[in-house]
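Here is start.txt, consisting of compact mmCIF, C-alpha atoms and all ligand atoms:
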# COMPACT_ATOMS: atom_id res chain seq x y z
CA MET O 1 0.00 0.00 0.00
CA SER O 2 1.45 3.36 -0.98
CA ILE O 3 1.53 6.00 1.75
CA LYS O 4 0.29 9.38 0.59
CA GLU O 5 1.76 12.39 2.40
CA PRO O 6 -0.89 15.08 2.79
CA LYS O 7 0.06 18.65 2.02
CA ILE O 8 -0.07 20.61 5.28
CA ILE O 9 -1.48 24.12 4.90
CA ARG O 10 -1.56 26.52 7.83
CA ASN O 11 -2.41 29.74 6.10
CA LYS O 12 -5.92 30.56 4.93
CA GLN O 13 -4.87 32.35 1.74
CA GLU O 14 -2.70 29.41 0.77
CA MET O 15 -5.66 27.10 1.43
CA ARG O 16 -7.95 29.17 -0.76
CA ASN O 17 -5.32 29.37 -3.53
CA TRP O 18 -4.91 25.58 -3.50
CA SER O 19 -8.66 25.00 -3.75
CA ARG O 20 -9.08 27.53 -6.55
CA SER O 21 -6.19 26.10 -8.50
CA MET O 22 -7.62 22.56 -8.19
CA ARG O 23 -11.07 23.70 -9.19
CA SER O 24 -9.67 25.53 -12.20
CA GLN O 25 -8.28 22.13 -13.26
CA GLY O 26 -11.81 20.68 -13.01
CA LYS O 27 -11.20 18.79 -9.75
CA THR O 28 -13.93 18.40 -7.11
CA ILE O 29 -13.13 18.92 -3.42
CA GLY O 30 -14.55 17.10 -0.43
CA PHE O 31 -14.11 18.59 3.03
CA VAL O 32 -14.17 17.06 6.51
CA PRO O 33 -13.88 19.64 9.30
CA THR O 34 -12.52 18.25 12.58
CA MET O 35 -11.01 19.40 15.83
CA GLY O 36 -8.35 16.69 15.62
CA TYR O 37 -7.52 13.79 17.91
CA LEU O 38 -8.86 11.66 15.11
CA HIS O 39 -10.51 8.30 15.65
CA GLN O 40 -12.15 5.73 13.41
CA GLY O 41 -15.33 7.83 13.35
CA HIS O 42 -13.47 10.75 11.70
CA LEU O 43 -11.75 8.38 9.29
CA SER O 44 -15.16 7.05 8.24
CA LEU O 45 -16.24 10.62 7.39
CA ILE O 46 -13.19 10.93 5.15
CA THR O 47 -13.95 7.62 3.43
CA GLU O 48 -17.51 8.85 2.88
CA SER O 49 -16.24 12.13 1.44
CA GLN O 50 -13.97 10.27 -0.96
CA LYS O 51 -17.00 8.57 -2.51
CA HIS O 52 -18.20 11.94 -3.76
CA THR O 53 -15.15 13.94 -4.86
CA GLN O 54 -11.69 13.57 -6.36
CA LEU O 55 -9.78 15.49 -3.68
CA THR O 56 -10.12 15.62 0.10
CA VAL O 57 -9.29 18.35 2.58
CA VAL O 58 -9.40 17.66 6.33
CA SER O 59 -9.23 20.61 8.68
CA ILE O 60 -7.81 20.22 12.17
CA TYR O 61 -8.67 23.21 14.27
CA VAL O 62 -9.88 23.31 17.86
CA ASN O 63 -12.33 26.16 17.51
CA PRO O 64 -12.25 28.37 20.62
CA GLY O 65 -15.42 30.12 19.48
CA GLN O 66 -17.58 27.11 20.30
CA PHE O 67 -16.41 26.71 23.90
CA ALA O 68 -17.83 28.79 26.71
CA VAL O 69 -15.24 30.03 29.17
CA ASN O 70 -16.15 27.33 31.72
CA GLU O 71 -15.89 24.48 29.19
CA ASP O 72 -13.10 22.05 28.33
CA LEU O 73 -11.15 24.02 25.71
CA SER O 74 -7.92 23.85 27.71
CA THR O 75 -8.14 20.07 28.13
CA TYR O 76 -9.48 19.21 24.68
CA PRO O 77 -7.14 16.44 23.49
CA SER O 78 -4.80 17.04 20.56
CA ASP O 79 -2.15 15.04 18.73
CA LEU O 80 -1.38 16.57 15.34
CA LEU O 81 1.46 14.20 14.43
CA GLY O 82 -0.62 11.17 15.42
CA ASP O 83 -3.51 12.54 13.37
CA ILE O 84 -1.32 12.94 10.29
CA GLU O 85 -0.10 9.35 10.65
CA LYS O 86 -3.71 8.13 10.81
CA LEU O 87 -4.58 10.11 7.69
CA LYS O 88 -1.58 8.63 5.88
CA SER O 89 -2.79 5.13 6.78
CA LEU O 90 -6.06 5.58 4.89
CA PRO O 91 -6.13 3.63 1.59
CA ASN O 92 -6.45 6.88 -0.39
CA GLY O 93 -4.75 9.16 2.14
CA VAL O 94 -5.99 12.75 2.03
CA ASP O 95 -4.78 15.59 -0.15
CA VAL O 96 -4.60 18.46 2.32
CA VAL O 97 -4.60 18.90 6.07
CA PHE O 98 -5.66 22.46 6.80
CA ASN O 99 -4.30 23.28 10.24
CA PRO O 100 -4.63 27.02 10.87
CA GLN O 101 -3.13 28.49 14.02
CA ASN O 102 -6.00 30.91 14.50
CA LEU O 103 -9.07 31.89 12.50
CA TYR O 104 -10.25 34.89 14.51
CA HIS O 105 -9.41 38.56 14.63
CA TYR O 106 -8.41 39.96 17.99
CA GLY O 107 -8.91 43.65 18.63
CA GLU O 108 -6.57 45.71 20.70
CA PHE O 109 -9.27 46.77 23.11
CA GLY O 110 -12.36 45.34 24.66
CA VAL O 111 -12.13 41.73 23.52
CA MET O 112 -11.02 39.44 26.29
CA ARG O 113 -7.74 37.66 25.65
CA ARG O 114 -6.61 34.49 27.29
CA ASN O 115 -3.44 32.64 26.57
CA PHE O 116 -3.54 28.93 26.10
CA LYS O 117 -0.59 27.14 24.57
CA ASP O 118 0.56 30.52 23.17
CA GLU O 119 -2.65 30.90 21.24
CA LYS O 120 -5.00 33.81 21.63
CA ILE O 121 -8.47 32.56 22.44
CA VAL O 122 -11.48 34.44 21.23
CA SER O 123 -13.87 35.23 24.04
CA CYS O 124 -17.22 33.55 23.94
CA LEU O 125 -18.84 36.08 26.23
CA GLU O 126 -21.79 38.05 24.93
CA GLY O 127 -21.85 41.82 25.01
CA GLU O 128 -18.17 42.57 24.61
CA VAL O 129 -17.08 45.51 22.54
CA GLY O 130 -13.94 46.12 20.53
CA PHE O 131 -12.43 45.57 17.13
CA GLY O 132 -12.11 41.84 17.35
CA HIS O 133 -14.32 39.12 15.99
CA GLU O 134 -17.95 40.19 16.26
CA THR O 135 -19.85 38.42 13.47
CA TRP O 136 -21.66 35.22 14.35
CA VAL O 137 -23.98 32.87 12.46
CA ARG O 138 -27.01 31.71 14.43
CA VAL O 139 -29.47 29.09 13.25
CA GLU O 140 -32.10 30.41 15.56
CA ASN O 141 -34.57 27.61 16.13
CA LEU O 142 -32.55 24.48 15.59
CA GLU O 143 -29.87 25.67 17.98
CA LYS O 144 -32.26 26.29 20.89
CA GLY O 145 -32.89 22.83 22.32
CA MET O 146 -30.76 19.93 23.49
CA CYS O 147 -27.04 20.82 23.39
CA GLY O 148 -27.99 24.46 22.86
CA MET O 149 -29.67 24.53 26.30
CA SER O 150 -26.61 23.57 28.31
CA ARG O 151 -24.06 25.03 25.87
CA PRO O 152 -25.56 28.39 24.85
CA VAL O 153 -22.64 29.60 22.67
CA PHE O 154 -21.78 26.24 21.18
CA PHE O 155 -23.80 26.22 17.96
CA ARG O 156 -23.14 29.87 17.32
CA GLY O 157 -19.45 29.01 17.39
CA VAL O 158 -19.85 25.89 15.28
CA ALA O 159 -21.98 27.53 12.57
CA SER O 160 -19.65 30.53 12.43
CA VAL O 161 -16.45 28.55 12.14
CA VAL O 162 -17.96 26.18 9.58
CA ALA O 163 -19.09 29.21 7.53
CA LYS O 164 -15.53 30.57 7.77
CA LEU O 165 -14.05 27.21 6.78
CA PHE O 166 -16.43 26.89 3.82
CA ASN O 167 -15.36 30.37 2.68
CA ILE O 168 -11.69 29.42 2.93
CA VAL O 169 -11.75 25.84 1.61
CA GLU O 170 -14.56 26.36 -0.94
CA PRO O 171 -15.48 22.66 -1.03
CA ASP O 172 -18.07 21.00 -3.27
CA VAL O 173 -19.07 18.51 -0.58
CA ALA O 174 -18.70 18.55 3.22
CA VAL O 175 -19.25 15.55 5.47
CA PHE O 176 -20.50 15.74 9.07
CA GLY O 177 -21.00 12.89 11.53
CA LYS O 178 -24.54 12.01 12.55
CA LYS O 179 -23.16 11.48 16.05
CA ASP O 180 -23.46 15.26 16.37
CA TYR O 181 -27.00 15.09 15.05
CA GLN O 182 -28.06 18.60 16.00
CA GLN O 183 -24.84 20.02 14.58
CA TRP O 184 -25.40 18.19 11.28
CA LYS O 185 -28.95 19.55 10.98
CA ILE O 186 -27.80 23.07 11.87
CA ILE O 187 -25.11 23.04 9.21
CA GLN O 188 -27.60 21.76 6.62
CA ARG O 189 -29.97 24.58 7.52
CA MET O 190 -27.23 27.21 7.44
CA VAL O 191 -26.13 26.04 3.99
CA ARG O 192 -29.71 26.20 2.73
CA ASP O 193 -30.50 29.58 4.30
CA LEU O 194 -27.24 31.33 3.37
CA ASP O 195 -26.90 29.77 -0.10
CA PHE O 196 -23.55 28.12 0.40
CA ASP O 197 -22.72 26.14 -2.73
CA VAL O 198 -21.78 23.05 -0.70
CA LYS O 199 -23.52 19.69 -0.54
CA VAL O 200 -23.73 18.57 3.10
CA ILE O 201 -23.66 14.84 3.75
CA GLY O 202 -24.42 13.14 7.06
CA SER O 203 -22.34 10.08 7.78
CA GLU O 204 -23.41 7.26 10.10
CA LEU O 205 -22.31 7.27 13.75
CA MET O 206 -19.48 4.84 14.53
CA ARG O 207 -19.36 2.77 17.72
CA ASP O 208 -16.55 0.94 19.43
CA GLU O 209 -17.05 -2.82 19.73
CA ASP O 210 -18.59 -2.42 23.19
CA GLY O 211 -21.18 0.01 21.78
CA LEU O 212 -19.76 3.33 23.01
CA ALA O 213 -20.14 6.06 20.38
CA MET O 214 -16.67 7.11 19.19
CA SER O 215 -15.61 10.49 20.49
CA SER O 216 -12.33 12.29 21.08
CA ARG O 217 -13.51 12.90 24.64
CA ASN O 218 -13.70 9.15 25.45
CA VAL O 219 -9.99 9.31 26.22
CA HIS O 220 -10.82 11.18 29.43
CA LEU O 221 -13.03 8.35 30.81
CA SER O 222 -11.57 6.13 33.52
CA PRO O 223 -12.03 2.37 32.88
CA GLN O 224 -14.92 2.38 35.38
CA GLN O 225 -16.59 5.42 33.83
CA ARG O 226 -16.24 3.84 30.41
CA LYS O 227 -18.12 0.78 31.62
CA GLN O 228 -20.82 2.98 33.16
CA ALA O 229 -21.04 5.03 29.97
CA LEU O 230 -22.07 1.92 28.02
CA SER O 231 -25.49 2.48 29.58
CA ILE O 232 -26.00 5.24 27.02
CA SER O 233 -25.83 3.01 23.96
CA ARG O 234 -27.56 0.17 25.82
CA SER O 235 -30.50 2.43 26.63
CA LEU O 236 -30.68 3.57 23.00
CA PHE O 237 -30.73 0.03 21.62
CA GLU O 238 -33.38 -0.90 24.19
CA ALA O 239 -35.50 2.12 23.23
CA LYS O 240 -35.26 1.19 19.55
CA SER O 241 -36.25 -2.38 20.24
CA ALA O 242 -39.17 -1.29 22.47
CA ALA O 243 -40.36 1.05 19.70
CA LYS O 244 -40.12 -1.76 17.14
CA LYS O 245 -42.23 -3.93 19.46
CA GLY O 246 -44.94 -1.27 19.49
CA GLU O 247 -44.11 1.23 22.25
CA THR O 248 -44.89 4.57 20.62
CA ILE O 249 -45.30 6.78 23.68
CA CYS O 250 -42.17 8.90 23.95
CA SER O 251 -42.52 9.69 27.66
CA GLU O 252 -42.30 5.93 28.37
CA LEU O 253 -39.25 5.43 26.16
CA ARG O 254 -37.60 8.50 27.64
CA ARG O 255 -38.24 7.32 31.20
CA SER O 256 -36.56 3.96 30.53
CA VAL O 257 -33.53 5.65 28.95
CA ILE O 258 -33.11 8.00 31.92
CA GLU O 259 -33.49 5.15 34.42
CA CYS O 260 -30.90 3.02 32.65
CA ILE O 261 -28.26 5.81 32.57
CA GLU O 262 -28.89 7.04 36.10
CA PHE O 263 -28.80 3.49 37.44
CA ALA O 264 -25.34 3.10 35.90
CA GLY O 265 -24.16 6.27 37.66
CA GLY O 266 -24.47 8.81 34.84
CA LYS O 267 -25.87 12.31 35.30
CA ILE O 268 -28.38 13.27 32.62
CA ASP O 269 -27.92 16.55 30.79
CA TYR O 270 -30.85 15.80 28.49
CA VAL O 271 -32.76 12.93 26.93
CA GLU O 272 -35.00 14.10 24.10
CA ILE O 273 -37.04 12.29 21.49
CA VAL O 274 -37.36 14.68 18.59
CA ASP O 275 -38.52 14.83 15.01
CA GLN O 276 -35.62 14.07 12.66
CA GLU O 277 -36.12 17.28 10.68
CA SER O 278 -37.46 19.96 13.02
CA LEU O 279 -35.69 18.58 16.13
CA GLU O 280 -38.87 19.39 18.06
CA ALA O 281 -39.92 17.07 20.85
CA VAL O 282 -42.60 14.57 19.88
CA GLU O 283 -45.06 12.80 22.15
CA GLU O 284 -45.80 9.79 20.01
CA ILE O 285 -43.73 8.08 17.35
CA LYS O 286 -45.55 8.52 14.05
CA ASN O 287 -42.81 9.69 11.71
CA GLY O 288 -39.06 9.28 11.99
CA VAL O 289 -37.67 10.38 15.34
CA VAL O 290 -34.23 10.49 16.87
CA VAL O 291 -33.52 9.79 20.52
CA CYS O 292 -30.78 12.20 21.60
CA ILE O 293 -28.82 11.93 24.84
CA ALA O 294 -26.20 13.97 26.63
CA ALA O 295 -24.96 12.64 29.96
CA TRP O 296 -22.06 13.20 32.30
CA PHE O 297 -19.77 10.51 33.63
CA GLY O 298 -17.53 12.28 36.08
CA LYS O 299 -16.22 15.36 34.26
CA VAL O 300 -16.84 13.91 30.81
CA ARG O 301 -19.96 14.90 28.92
CA LEU O 302 -20.91 12.39 26.23
CA ILE O 303 -23.53 12.62 23.52
CA ASP O 304 -25.14 9.85 21.50
CA ASN O 305 -28.30 9.29 19.51
CA MET O 306 -30.30 6.77 17.58
CA GLU O 307 -32.73 7.25 14.72
CA ILE O 308 -36.00 5.33 14.95
CA ASP O 309 -37.97 5.24 11.75
CA ALA O 310 -41.73 4.74 11.86
CA SER O 311 -42.58 1.12 11.14
O1 LIG J 401 -17.69 18.40 15.16
C1 LIG J 401 -16.63 19.03 15.34
O2 LIG J 401 -15.54 18.47 15.49
C2 LIG J 401 -16.66 20.55 15.36
O3 LIG J 401 -17.82 21.02 15.96
C3 LIG J 401 -16.46 21.19 13.96
C4 LIG J 401 -17.59 20.84 13.00
C5 LIG J 401 -15.13 20.74 13.38
C6 LIG J 401 -16.44 22.71 14.08
O4 LIG J 401 -15.41 23.15 14.91
Can the structure from this file be put into structure tokens for me?
Ligand code: PAF
Amino acid sequence: MSIKEPKIIRNKQEMRNWSRSMRSQGKTIGFVPTMGYLHQGHLSLITESQKHTQLTVVSIYVNPGQFAVNEDLSTYPSDLLGDIEKLKSLPNGVDVVFNPQNLYHYGEFGVMRRNFKDEKIVSCLEGEVGFGHETWVRVENLEKGMCGMSRPVFFRGVASVVAKLFNIVEPDVAVFGKKDYQQWKIIQRMVRDLDFDVKVIGSELMRDEDGLAMSSRNVHLSPQQRKQALSISRSLFEAKSAAKKGETICSELRRSVIECIEFAGGKIDYVEIVDQESLEAVEEIKNGVVVCIAAWFGKVRLIDNMEIDAS
């Protein structure tokens, strides 16, 4: 198997120049945005992207704009060299790793600065003034519930950085994991509403053999917490099977999910059964729904979900 070295680009103008030059040669570009610390789930997004386009760009950028000041930005895991090795091991490699140092503007006054690993971190606080970054994309309804409740600046940060990345990379296709179901729907809606010329594809969630949804944050679980966290996927599979056997009342399904996770020692952030398109809570399963969960095991917040289609 030949190992393909990706081109590493750190500068946004260089990234844009590369994309434009490839497109002028008639090549199509697939894009997988990530925050690094890649696992099999990310690699599956890349494989999906490669089904649709000739070239692939993967971005690795831990976006400070989507973390509130009390969240885990400073402990978010990273391993750039390890990531590049994993990308090289893919059968088709990838063409470009876009790894910018910083994507935000920092004003001289008014915008809070924090130093973390020599990087300037954009503040996520509302109501600041200054000449720094002040333009945000909000997908007003879809961002309200679920993760948006406990992480109020998260989707604003995600939509904004993805809009920035689309403007820099100019891809034809972008692939997002269905593990972050709400994020995937928000990006689809942003692309529709703001007329980005990008086809957004949702790629299936990947699980470890024991059922735990793959996530960069899993590395922070102790062996005991990892065992406890299996209650999340177990409760989802049980909910799906109960629905298939005829349980259509969402409050019942939700109650069983909550019981299963709490019994294992998890702390529920939310358990919602929502319509697959509007992400609004439903009372009875008639059309396709998705059961979405966020739960804490110690200091680690995990999310997972499962689609249940009407039978
Ligand atoms: O899903 C993620 O890793 C991030 O939210 C994304 C889409 C790369 C934006 O920072």
Of the listed residues O:Trp136, O:Phe237, O:Trp184, O:Phe196, that which approaches O:Val153 most closely, counting only C-alpha atoms: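 Residue with the minimum atom-to-atom distance to O:Val153: O:Trp136.
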Surroundings of ligand LIG 401 (chain J) up to 8 Å, based on all atoms listed in the file, as a compact mmCIF listing (two decimals) with C-alpha atoms, in the frame of the given file:
# COMPACT_ATOMS: atom_id res chain seq x y z
CA VAL O 32 -14.17 17.06 6.51
CA PRO O 33 -13.88 19.64 9.30
CA THR O 34 -12.52 18.25 12.58
CA MET O 35 -11.01 19.40 15.83
CA GLY O 36 -8.35 16.69 15.62
CA SER O 59 -9.23 20.61 8.68
CA ILE O 60 -7.81 20.22 12.17
CA TYR O 61 -8.67 23.21 14.27
CA VAL O 62 -9.88 23.31 17.86
CA ASN O 63 -12.33 26.16 17.51
CA GLN O 66 -17.58 27.11 20.30
CA GLY O 157 -19.45 29.01 17.39
CA VAL O 158 -19.85 25.89 15.28
CA ALA O 159 -21.98 27.53 12.57
CA VAL O 161 -16.45 28.55 12.14
CA VAL O 162 -17.96 26.18 9.58
CA PHE O 176 -20.50 15.74 9.07
CA GLY O 177 -21.00 12.89 11.53
CA ASP O 180 -23.46 15.26 16.37
CA GLN O 183 -24.84 20.02 14.58
Nearest to O:Leu302, chosen from O:Gln225, O:Ser74, O:Ser215, O:Ser278, with all atoms listed in the file counted in the distances: O:Ser215
Distance query O:Leu142 at most 8 Å, only C-alpha atoms, self and fewer than 3 positions along chain excluded, as a PyMOL selection string: chain O and resi 139+145+182+185-186+278-279
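Across the model, the gap from atom CA of O:Ile46 to atom CA of O:Gly148 is 26.8 Å.
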Fewer than 5 positions away in the same chain doesn't count, so skip those; otherwise give me all residues within 8 Å of stretch 238-249 of chain O, counting only C-alpha atoms, as a PDB file with C-alpha atoms, in the frame of the given file.
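Wrote it out as out.pdb, contents follow:
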ATOM      1  CA  SER O 256     -36.560   3.960  30.530  1.00  0.00           C
ATOM      2  CA  VAL O 257     -33.530   5.650  28.950  1.00  0.00           C
ATOM      3  CA  GLU O 283     -45.060  12.800  22.150  1.00  0.00           C
ATOM      4  CA  GLU O 284     -45.800   9.790  20.010  1.00  0.00           C
ATOM      5  CA  ILE O 285     -43.730   8.080  17.350  1.00  0.00           C
ATOM      6  CA  LYS O 286     -45.550   8.520  14.050  1.00  0.00           C
ATOM      7  CA  MET O 306     -30.300   6.770  17.580  1.00  0.00           C
ATOM      8  CA  ILE O 308     -36.000   5.330  14.950  1.00  0.00           C
ATOM      9  CA  SER O 311     -42.580   1.120  11.140  1.00  0.00           C
TER      10      SER O 311
END
Atomic distance atom CA of O:Arg156 - atom CA of O:Lys179, expressed in Å with one decimal: 18.4 Å
For O:Gly266: contacts at 8 Å, only C-alpha atoms, fewer than 2 positions along chain excluded, given as a list in words: Gln228, Ala229, Ile261, Glu262, Phe263, Ala264, Ile268, Ala295, Trp296, Phe297 and Gly298 of chain O
Residue among O:Arg255, O:Arg16, O:His42, O:Arg23 lying closest to O:Leu205, counting all atoms listed in the file: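 Selected residue with least distance to O:Leu205: O:His42.
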d(atom CA of O:Asp195, atom CA of O:Arg138) in Å: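 That distance, rounded to one decimal, is 14.7 Å.
Those residues that approach O:Ala174 to within 7 Å, counting all atoms listed in the file, are Gly30, Phe31, Val32, Pro171, Asp172, Phe176, Val198, Lys199, Val200 and Ile201 of chain O; same-chain residues fewer than 2 positions away are not listed.
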Nearby residues (all atoms listed in the file) at most 10 Å from O:Leu73, same-chain spacing under 4 positions excluded, as a list in words: Val62, Asn63, Pro64, Gly65, Gln66, Phe67, Ala68, Val69, Pro77, Phe116 and Ile121 of chain O
Could you write those residues out with C-alpha atoms, as a CSV table (one decimal), in the frame of the given file?
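Final output, selection.csv:
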chain,number,residue,atom,x,y,z
O,62,VAL,CA,-9.9,23.3,17.9
O,63,ASN,CA,-12.3,26.2,17.5
O,64,PRO,CA,-12.2,28.4,20.6
O,65,GLY,CA,-15.4,30.1,19.5
O,66,GLN,CA,-17.6,27.1,20.3
O,67,PHE,CA,-16.4,26.7,23.9
O,68,ALA,CA,-17.8,28.8,26.7
O,69,VAL,CA,-15.2,30.0,29.2
O,77,PRO,CA,-7.1,16.4,23.5
O,116,PHE,CA,-3.5,28.9,26.1
O,121,ILE,CA,-8.5,32.6,22.4
Nearest candidate to O:Met214 (options O:Arg226, O:Lys88, O:Arg189, O:Lys144; using all atoms listed in the file): O:Arg226
If I wrap all listed atoms of stretch 252-271 of chain O in a box with edges along x, y and z and add 4 Å on each side, what are its centre and edge lengths in Å to one decimal, as AutoDock Vina command-line options?
--center_x -33.2 --center_y 9.8 --center_z 31.9 --size_x 26.1 --size_y 21.5 --size_z 19.5
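You can rank O:Gly93, O:Gly202, O:Gly26, O:Gly265 by their closest distance to O:Lys178 using all atoms listed in the file, and at the top of that list sits O:Gly202.
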Selected residue, from O:Ser160, O:Gln224, O:Asn141, O:Asn99, that lies nearest to O:Val58 when counting only C-alpha atoms: O:Asn99
Final N, CA, C and O atoms of stretch 146-165 of chain O as a PDB file, in the frame of the given file:
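File part.pdb, as written:
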ATOM      1  N   MET O 146     -31.788  20.955  23.250  1.00  0.00           N
ATOM      2  CA  MET O 146     -30.760  19.930  23.490  1.00  0.00           C
ATOM      3  C   MET O 146     -29.396  20.545  23.834  1.00  0.00           C
ATOM      4  O   MET O 146     -29.285  21.232  24.839  1.00  0.00           O
ATOM      5  N   CYS O 147     -28.366  20.306  23.012  1.00  0.00           N
ATOM      6  CA  CYS O 147     -27.040  20.820  23.390  1.00  0.00           C
ATOM      7  C   CYS O 147     -27.027  22.338  23.524  1.00  0.00           C
ATOM      8  O   CYS O 147     -26.238  22.892  24.284  1.00  0.00           O
ATOM      9  N   GLY O 148     -27.925  23.005  22.791  1.00  0.00           N
ATOM     10  CA  GLY O 148     -27.990  24.460  22.860  1.00  0.00           C
ATOM     11  C   GLY O 148     -28.454  24.964  24.225  1.00  0.00           C
ATOM     12  O   GLY O 148     -28.170  26.102  24.605  1.00  0.00           O
ATOM     13  N   MET O 149     -29.183  24.117  24.976  1.00  0.00           N
ATOM     14  CA  MET O 149     -29.670  24.530  26.300  1.00  0.00           C
ATOM     15  C   MET O 149     -28.502  24.623  27.285  1.00  0.00           C
ATOM     16  O   MET O 149     -28.351  25.586  28.012  1.00  0.00           O
ATOM     17  N   SER O 150     -27.680  23.564  27.300  1.00  0.00           N
ATOM     18  CA  SER O 150     -26.610  23.570  28.310  1.00  0.00           C
ATOM     19  C   SER O 150     -25.333  24.215  27.769  1.00  0.00           C
ATOM     20  O   SER O 150     -24.438  24.524  28.542  1.00  0.00           O
ATOM     21  N   ARG O 151     -25.253  24.399  26.437  1.00  0.00           N
ATOM     22  CA  ARG O 151     -24.060  25.030  25.870  1.00  0.00           C
ATOM     23  C   ARG O 151     -24.513  26.194  24.984  1.00  0.00           C
ATOM     24  O   ARG O 151     -24.513  26.103  23.752  1.00  0.00           O
ATOM     25  N   PRO O 152     -24.885  27.321  25.602  1.00  0.00           N
ATOM     26  CA  PRO O 152     -25.560  28.390  24.850  1.00  0.00           C
ATOM     27  C   PRO O 152     -24.740  29.036  23.728  1.00  0.00           C
ATOM     28  O   PRO O 152     -25.318  29.596  22.806  1.00  0.00           O
ATOM     29  N   VAL O 153     -23.400  28.984  23.781  1.00  0.00           N
ATOM     30  CA  VAL O 153     -22.640  29.600  22.670  1.00  0.00           C
ATOM     31  C   VAL O 153     -22.122  28.562  21.690  1.00  0.00           C
ATOM     32  O   VAL O 153     -21.490  28.903  20.690  1.00  0.00           O
ATOM     33  N   PHE O 154     -22.399  27.312  21.958  1.00  0.00           N
ATOM     34  CA  PHE O 154     -21.780  26.240  21.180  1.00  0.00           C
ATOM     35  C   PHE O 154     -22.135  26.304  19.686  1.00  0.00           C
ATOM     36  O   PHE O 154     -21.262  26.385  18.819  1.00  0.00           O
ATOM     37  N   PHE O 155     -23.431  26.308  19.380  1.00  0.00           N
ATOM     38  CA  PHE O 155     -23.800  26.220  17.960  1.00  0.00           C
ATOM     39  C   PHE O 155     -23.506  27.513  17.206  1.00  0.00           C
ATOM     40  O   PHE O 155     -23.257  27.497  16.009  1.00  0.00           O
ATOM     41  N   ARG O 156     -23.539  28.612  17.939  1.00  0.00           N
ATOM     42  CA  ARG O 156     -23.140  29.870  17.320  1.00  0.00           C
ATOM     43  C   ARG O 156     -21.686  29.762  16.851  1.00  0.00           C
ATOM     44  O   ARG O 156     -21.329  30.146  15.740  1.00  0.00           O
ATOM     45  N   GLY O 157     -20.865  29.185  17.720  1.00  0.00           N
ATOM     46  CA  GLY O 157     -19.450  29.010  17.390  1.00  0.00           C
ATOM     47  C   GLY O 157     -19.238  28.011  16.273  1.00  0.00           C
ATOM     48  O   GLY O 157     -18.403  28.215  15.387  1.00  0.00           O
ATOM     49  N   VAL O 158     -20.010  26.925  16.312  1.00  0.00           N
ATOM     50  CA  VAL O 158     -19.850  25.890  15.280  1.00  0.00           C
ATOM     51  C   VAL O 158     -20.275  26.445  13.918  1.00  0.00           C
ATOM     52  O   VAL O 158     -19.540  26.352  12.930  1.00  0.00           O
ATOM     53  N   ALA O 159     -21.486  27.038  13.865  1.00  0.00           N
ATOM     54  CA  ALA O 159     -21.980  27.530  12.570  1.00  0.00           C
ATOM     55  C   ALA O 159     -21.026  28.596  12.024  1.00  0.00           C
ATOM     56  O   ALA O 159     -20.730  28.618  10.826  1.00  0.00           O
ATOM     57  N   SER O 160     -20.526  29.444  12.904  1.00  0.00           N
ATOM     58  CA  SER O 160     -19.650  30.530  12.430  1.00  0.00           C
ATOM     59  C   SER O 160     -18.329  29.979  11.898  1.00  0.00           C
ATOM     60  O   SER O 160     -17.858  30.399  10.841  1.00  0.00           O
ATOM     61  N   VAL O 161     -17.745  29.032  12.622  1.00  0.00           N
ATOM     62  CA  VAL O 161     -16.450  28.550  12.140  1.00  0.00           C
ATOM     63  C   VAL O 161     -16.625  27.701  10.885  1.00  0.00           C
ATOM     64  O   VAL O 161     -15.787  27.732   9.984  1.00  0.00           O
ATOM     65  N   VAL O 162     -17.742  26.974  10.792  1.00  0.00           N
ATOM     66  CA  VAL O 162     -17.960  26.180   9.580  1.00  0.00           C
ATOM     67  C   VAL O 162     -18.185  27.121   8.383  1.00  0.00           C
ATOM     68  O   VAL O 162     -17.666  26.889   7.291  1.00  0.00           O
ATOM     69  N   ALA O 163     -18.905  28.222   8.612  1.00  0.00           N
ATOM     70  CA  ALA O 163     -19.090  29.210   7.530  1.00  0.00           C
ATOM     71  C   ALA O 163     -17.722  29.755   7.104  1.00  0.00           C
ATOM     72  O   ALA O 163     -17.424  29.882   5.912  1.00  0.00           O
ATOM     73  N   LYS O 164     -16.867  30.052   8.089  1.00  0.00           N
ATOM     74  CA  LYS O 164     -15.530  30.570   7.770  1.00  0.00           C
ATOM     75  C   LYS O 164     -14.740  29.514   6.977  1.00  0.00           C
ATOM     76  O   LYS O 164     -14.107  29.817   5.965  1.00  0.00           O
ATOM     77  N   LEU O 165     -14.803  28.276   7.454  1.00  0.00           N
ATOM     78  CA  LEU O 165     -14.050  27.210   6.780  1.00  0.00           C
ATOM     79  C   LEU O 165     -14.557  26.993   5.356  1.00  0.00           C
ATOM     80  O   LEU O 165     -13.773  26.778   4.429  1.00  0.00           O
TER      81      LEU O 165
END
